[in-house]
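What follows is a short report on a single structure.
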Amino acid sequence: MLFDTHAHYDSRQFDRDRDTVLAGLPEQGVSLVLNPGCDLPSSRKAVELAERYPYVYAAVGVHPEDCADWEDGCLLELRQLASHRKVRAIGEIGLDYYWKENPPRALQQNVFRRQMELAQSLRLPVIVHDREAHGDCLDIVRDYPKVRGVFHCFSGSAEMARELVRLGWMISFTGVLTYQNARKAVEAAQAVPLERIMIETDSPYMAPVPCRGKRCDSSLVVHTCARLAEIKGISLEECARITLENGKRFFSIRD
């Protein structure tokens, strides 16, 4: 069985068939899903979906692309949402310097720090989004040594991955690992011990080969698992078992 540790079923791309997709996942070998929020409405939706499906869990947070309207009240509501029994992390939080129209970097950094402080106070892990902001993300992570987390959809170097592991963090890979030009992702996967790796789809985005370009859902995480197994020289079944246990341990999910 597989654990898709990052999928956005609150996304509008699932509005037509959300319940059908989610209800069918166990039959397709997916035993657990973690749905992170990207703003307050999607965080609320993530909690709602977690209430409806026993194998779906939630994280709550404000994504760097969505932090322009941040105010102190956001932190209060996130704290309230995080008290729900199925919320297992603060996320998706972090920095995104890729798009010029994103909120100013100083604001992104402040919002990231406020949510790291929230996670620290609640003793919850964090899910970090890092796009073209590797140095600043690492600097902020180092400022909160009591917080542990995962860099999802990892896009950094093998050296960065090793540093995060040294700091006690996890690394998560998407379908990008299956892409022909994914040299950096493969090098990072080679560098990280398997017990520090999780797998994800980032649904509805990042569909793996052979489904690239289509809407992604958690059933496709098997392709990322198969590629990771190939890189690590183990069977698909063993890779699925280890990454499932890694995710359950990280998100404190017990049988």
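Residues are referred to by chain and number: the chain letter is A, B, ... according to the order shown in the structure tokens, the number counts from 1 in that chain, and ligands are numbered separately from 1 in the order shown.
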Report as a ChimeraX atom specification all protein, DNA and RNA residues lying within 6 Å of stretch 38-54 of chain A, evaluated on only C-alpha atoms, omitting residues in the same chain fewer than 4 positions from it. /A:10,58,60-63,92
Serialized selection, C-alpha atoms, as a CSV table (one decimal), in the first residue's frame:
chain,number,residue,atom,x,y,z
A,10,ASP,CA,-9.4,20.8,-2.4
A,58,ALA,CA,-4.8,17.4,6.6
A,60,VAL,CA,-3.1,23.8,7.3
A,61,GLY,CA,-1.1,26.8,6.2
A,62,VAL,CA,-0.6,29.7,3.9
A,63,HIS,CA,1.5,29.2,0.7
A,92,GLU,CA,2.1,24.2,2.8
Applying 8 Å and only C-alpha atoms, which residues near stretch 188-204 of chain A remain after dropping the ones on its own chain fewer than 3 positions away? List them as a PyMOL selection string.
chain A and resi 3-9+11+13-14+153+156-159+161-162+165+169-175+184-185+207+215-218+220-221+224-225+228+231-232+242-244+246-247
Write out the residues from the selection above, keeping N, CA and C atoms, as a compact mmCIF listing (two decimals), in the first residue's frame.
# COMPACT_ATOMS: atom_id res chain seq x y z
N PHE A 3 1.42 5.67 0.37
CA PHE A 3 1.04 6.89 1.07
C PHE A 3 1.40 8.07 0.17
N ASP A 4 0.38 8.75 -0.34
CA ASP A 4 0.59 9.99 -1.09
C ASP A 4 0.63 11.12 -0.07
N THR A 5 1.83 11.60 0.23
CA THR A 5 2.01 12.53 1.34
C THR A 5 1.75 13.99 0.98
N HIS A 6 1.28 14.25 -0.25
CA HIS A 6 1.00 15.64 -0.62
C HIS A 6 0.10 15.66 -1.85
N ALA A 7 -1.19 15.92 -1.63
CA ALA A 7 -2.16 15.98 -2.73
C ALA A 7 -3.23 17.01 -2.41
N HIS A 8 -3.56 17.84 -3.39
CA HIS A 8 -4.50 18.95 -3.18
C HIS A 8 -5.89 18.60 -3.71
N TYR A 9 -6.64 17.82 -2.95
CA TYR A 9 -7.99 17.47 -3.38
C TYR A 9 -8.99 18.59 -3.15
N SER A 11 -8.49 21.30 -4.59
CA SER A 11 -8.32 22.06 -5.83
C SER A 11 -9.56 21.97 -6.72
N GLN A 13 -9.70 21.55 -9.77
CA GLN A 13 -9.58 20.51 -10.81
C GLN A 13 -10.30 19.22 -10.42
N PHE A 14 -10.66 19.08 -9.14
CA PHE A 14 -11.38 17.89 -8.70
C PHE A 14 -12.86 18.18 -8.42
N CYS A 153 8.21 18.16 -2.96
CA CYS A 153 8.56 18.35 -4.37
C CYS A 153 9.99 18.88 -4.46
N GLY A 156 16.04 21.01 -4.90
CA GLY A 156 17.39 21.46 -4.61
C GLY A 156 18.45 20.45 -5.04
N SER A 157 19.67 20.73 -4.64
CA SER A 157 20.81 19.89 -5.00
C SER A 157 20.95 18.72 -4.03
N ALA A 158 21.79 17.77 -4.40
CA ALA A 158 22.10 16.66 -3.50
C ALA A 158 22.77 17.18 -2.23
N GLU A 159 23.61 18.20 -2.37
CA GLU A 159 24.27 18.79 -1.21
C GLU A 159 23.25 19.39 -0.24
N ALA A 161 20.12 18.49 0.00
CA ALA A 161 19.37 17.36 0.58
C ALA A 161 20.14 16.76 1.76
N ARG A 162 21.44 16.60 1.60
CA ARG A 162 22.26 16.06 2.69
C ARG A 162 22.22 16.96 3.91
N VAL A 165 18.90 16.54 5.73
CA VAL A 165 18.92 15.28 6.48
C VAL A 165 19.74 15.45 7.76
N TRP A 169 15.59 16.68 8.87
CA TRP A 169 14.43 16.86 7.99
C TRP A 169 14.26 15.70 7.02
N MET A 170 13.07 15.69 6.39
CA MET A 170 12.73 14.70 5.37
C MET A 170 12.75 15.35 4.00
N ILE A 171 12.85 14.52 2.97
CA ILE A 171 12.80 14.96 1.58
C ILE A 171 11.67 14.19 0.90
N SER A 172 10.88 14.90 0.08
CA SER A 172 9.78 14.24 -0.63
C SER A 172 9.90 14.49 -2.13
N PHE A 173 9.64 13.44 -2.90
CA PHE A 173 9.75 13.51 -4.36
C PHE A 173 8.40 13.28 -5.02
N THR A 174 8.17 14.02 -6.10
CA THR A 174 6.96 13.89 -6.92
C THR A 174 7.26 13.10 -8.18
N GLY A 175 6.32 13.16 -9.12
CA GLY A 175 6.51 12.55 -10.42
C GLY A 175 7.66 13.10 -11.21
N LYS A 184 18.84 16.44 -11.36
CA LYS A 184 19.02 16.91 -9.99
C LYS A 184 18.18 16.09 -9.01
N ALA A 185 16.95 15.78 -9.37
CA ALA A 185 16.08 15.01 -8.48
C ALA A 185 16.66 13.62 -8.26
N ALA A 207 2.01 15.23 -12.84
CA ALA A 207 1.76 13.83 -13.17
C ALA A 207 3.03 13.16 -13.68
N ARG A 215 -4.21 15.35 -15.70
CA ARG A 215 -4.49 15.64 -14.31
C ARG A 215 -3.97 14.49 -13.46
N CYS A 216 -3.29 14.82 -12.39
CA CYS A 216 -2.72 13.81 -11.52
C CYS A 216 -3.65 13.52 -10.36
N ASP A 217 -3.65 12.27 -9.91
CA ASP A 217 -4.31 11.92 -8.65
C ASP A 217 -3.45 10.90 -7.93
N SER A 218 -3.82 10.54 -6.73
CA SER A 218 -2.96 9.73 -5.88
C SER A 218 -2.68 8.33 -6.42
N LEU A 220 -1.50 7.63 -9.09
CA LEU A 220 -0.29 7.69 -9.91
C LEU A 220 1.00 7.73 -9.09
N VAL A 221 0.89 7.81 -7.78
CA VAL A 221 2.09 7.84 -6.95
C VAL A 221 2.91 6.55 -7.11
N THR A 224 6.05 7.09 -9.21
CA THR A 224 7.17 7.71 -8.48
C THR A 224 7.84 6.69 -7.57
N CYS A 225 7.04 5.85 -6.93
CA CYS A 225 7.58 4.81 -6.07
C CYS A 225 8.43 3.83 -6.88
N LEU A 228 11.74 5.47 -7.72
CA LEU A 228 12.59 5.54 -6.53
C LEU A 228 13.16 4.16 -6.21
N ILE A 231 16.04 3.54 -8.48
CA ILE A 231 17.22 4.32 -8.07
C ILE A 231 17.91 3.68 -6.88
N LYS A 232 17.13 3.18 -5.94
CA LYS A 232 17.68 2.60 -4.71
C LYS A 232 18.03 1.11 -4.84
N ILE A 242 8.50 0.98 2.88
CA ILE A 242 9.36 1.89 3.63
C ILE A 242 8.83 3.32 3.57
N THR A 243 8.42 3.78 2.39
CA THR A 243 7.92 5.15 2.30
C THR A 243 6.59 5.31 3.02
N LEU A 244 5.78 4.26 3.05
CA LEU A 244 4.54 4.30 3.84
C LEU A 244 4.87 4.48 5.32
N ASN A 246 7.63 5.65 6.60
CA ASN A 246 8.24 6.98 6.79
C ASN A 246 7.16 8.05 6.95
N GLY A 247 6.16 8.01 6.07
CA GLY A 247 5.09 9.00 6.13
C GLY A 247 4.27 8.89 7.40
Quiz item: Which residues come within 7 Å of stretch 114-122 of chain A, counting only C-alpha atoms, excluding same-chain residues fewer than 6 positions away, as JSON, numbers by chain?
Solution: {"A": [90, 146, 147]}
Which of stretch 47-220 of chain A fall in strand (DSSP E), as a PyMOL selection string: chain A and resi 56-60+87-96+126-131+149-151+170-173+197-199
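Taking atom CA of A:Asp69 as the reference point, atom CA of A:Asn110 is found at 12.6 Å.
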I'd like the interatomic distance between atom CA of A:Pro64 and atom CA of A:Pro36, to a tenth of an Å.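 Atom CA of A:Pro64 sits 13.4 Å away from atom CA of A:Pro36.
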task: Please return as number ranges by chain: the residues of stretch 56-247 of chain A that backbone DSSP assigns to alpha helix (DSSP H).
output: A: 72-82, 105-122, 134-142, 158-166, 183-191, 221-232, 236-247
**Asked** Which neighbours of A:Ala106 fall inside 12 Å, counting only C-alpha atoms, when residues of the same chain fewer than 4 positions from it are skipped, and could you give them as a PyMOL selection string?
**Response** chain A and resi 64+67-68+95-97+102+110-113+136
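Considering the residues A:Leu2, A:Leu124, A:Arg105, A:Lys86 and counting only C-alpha atoms, A:Glu238 has its shortest atom-to-atom contact with A:Leu2.
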All residues 12 Å or closer to A:Tyr179, only C-alpha atoms, same chain fewer than 6 positions away omitted, as number ranges by chain | A: 173, 185-186, 206-213, 223-224, 227
Distance query A:Ala89 at most 6 Å, only C-alpha atoms, self and fewer than 5 positions along chain excluded, as number ranges by chain: A: 59, 124-126
Those residues with N, CA and C atoms, as a short mmCIF file (atom, residue, chain, number, x, y, z; two decimals), in the first residue's frame please?
data_model
loop_
_atom_site.label_atom_id
_atom_site.label_comp_id
_atom_site.auth_asym_id
_atom_site.auth_seq_id
_atom_site.Cartn_x
_atom_site.Cartn_y
_atom_site.Cartn_z
N ALA A 59 -3.15 19.11 6.47
CA ALA A 59 -2.23 20.11 7.01
C ALA A 59 -2.86 21.46 6.72
N LEU A 124 4.20 20.63 15.96
CA LEU A 124 3.82 19.98 14.71
C LEU A 124 4.94 20.12 13.69
N PRO A 125 5.09 19.15 12.78
CA PRO A 125 6.04 19.31 11.68
C PRO A 125 5.50 20.28 10.64
N VAL A 126 6.36 20.67 9.72
CA VAL A 126 5.96 21.59 8.66
C VAL A 126 6.20 20.96 7.29
#
Give me, as an mmCIF file with N, CA and C atoms, in the first residue's frame, all polymer residues having an atom no more than 10 Å from A:Leu25, counting only C-alpha atoms and skipping those fewer than 5 positions away in the same chain.
data_model
loop_
_atom_site.group_PDB
_atom_site.id
_atom_site.type_symbol
_atom_site.label_atom_id
_atom_site.label_comp_id
_atom_site.auth_asym_id
_atom_site.auth_seq_id
_atom_site.Cartn_x
_atom_site.Cartn_y
_atom_site.Cartn_z
ATOM 1 N N LEU A 2 0.349 2.336 -0.554
ATOM 2 C CA LEU A 2 1.111 3.558 -0.770
ATOM 3 C C LEU A 2 0.551 4.729 0.033
ATOM 4 N N THR A 20 -15.609 10.694 -6.133
ATOM 5 C CA THR A 20 -15.357 9.452 -6.864
ATOM 6 C C THR A 20 -13.882 9.080 -6.802
ATOM 7 N N VAL A 30 -3.754 2.799 -2.643
ATOM 8 C CA VAL A 30 -3.376 3.982 -1.864
ATOM 9 C C VAL A 30 -4.088 3.913 -0.519
ATOM 10 N N SER A 31 -3.339 3.771 0.550
ATOM 11 C CA SER A 31 -3.950 3.595 1.865
ATOM 12 C C SER A 31 -4.032 4.880 2.662
ATOM 13 N N LEU A 32 -3.196 5.891 2.323
ATOM 14 C CA LEU A 32 -3.202 7.154 3.059
ATOM 15 C C LEU A 32 -2.919 8.317 2.111
ATOM 16 N N VAL A 33 -3.534 9.463 2.436
ATOM 17 C CA VAL A 33 -3.318 10.704 1.692
ATOM 18 C C VAL A 33 -3.216 11.846 2.689
ATOM 19 N N TYR A 55 -8.933 7.672 5.638
ATOM 20 C CA TYR A 55 -7.541 7.558 5.187
ATOM 21 C C TYR A 55 -6.971 8.885 4.682
ATOM 22 N N ASP A 217 -3.647 12.269 -9.910
ATOM 23 C CA ASP A 217 -4.311 11.923 -8.651
ATOM 24 C C ASP A 217 -3.449 10.895 -7.931
ATOM 25 N N SER A 218 -3.819 10.540 -6.735
ATOM 26 C CA SER A 218 -2.956 9.729 -5.878
ATOM 27 C C SER A 218 -2.678 8.333 -6.420
ATOM 28 N N SER A 219 -3.525 7.826 -7.294
ATOM 29 C CA SER A 219 -3.275 6.501 -7.854
ATOM 30 C C SER A 219 -1.970 6.460 -8.645
#
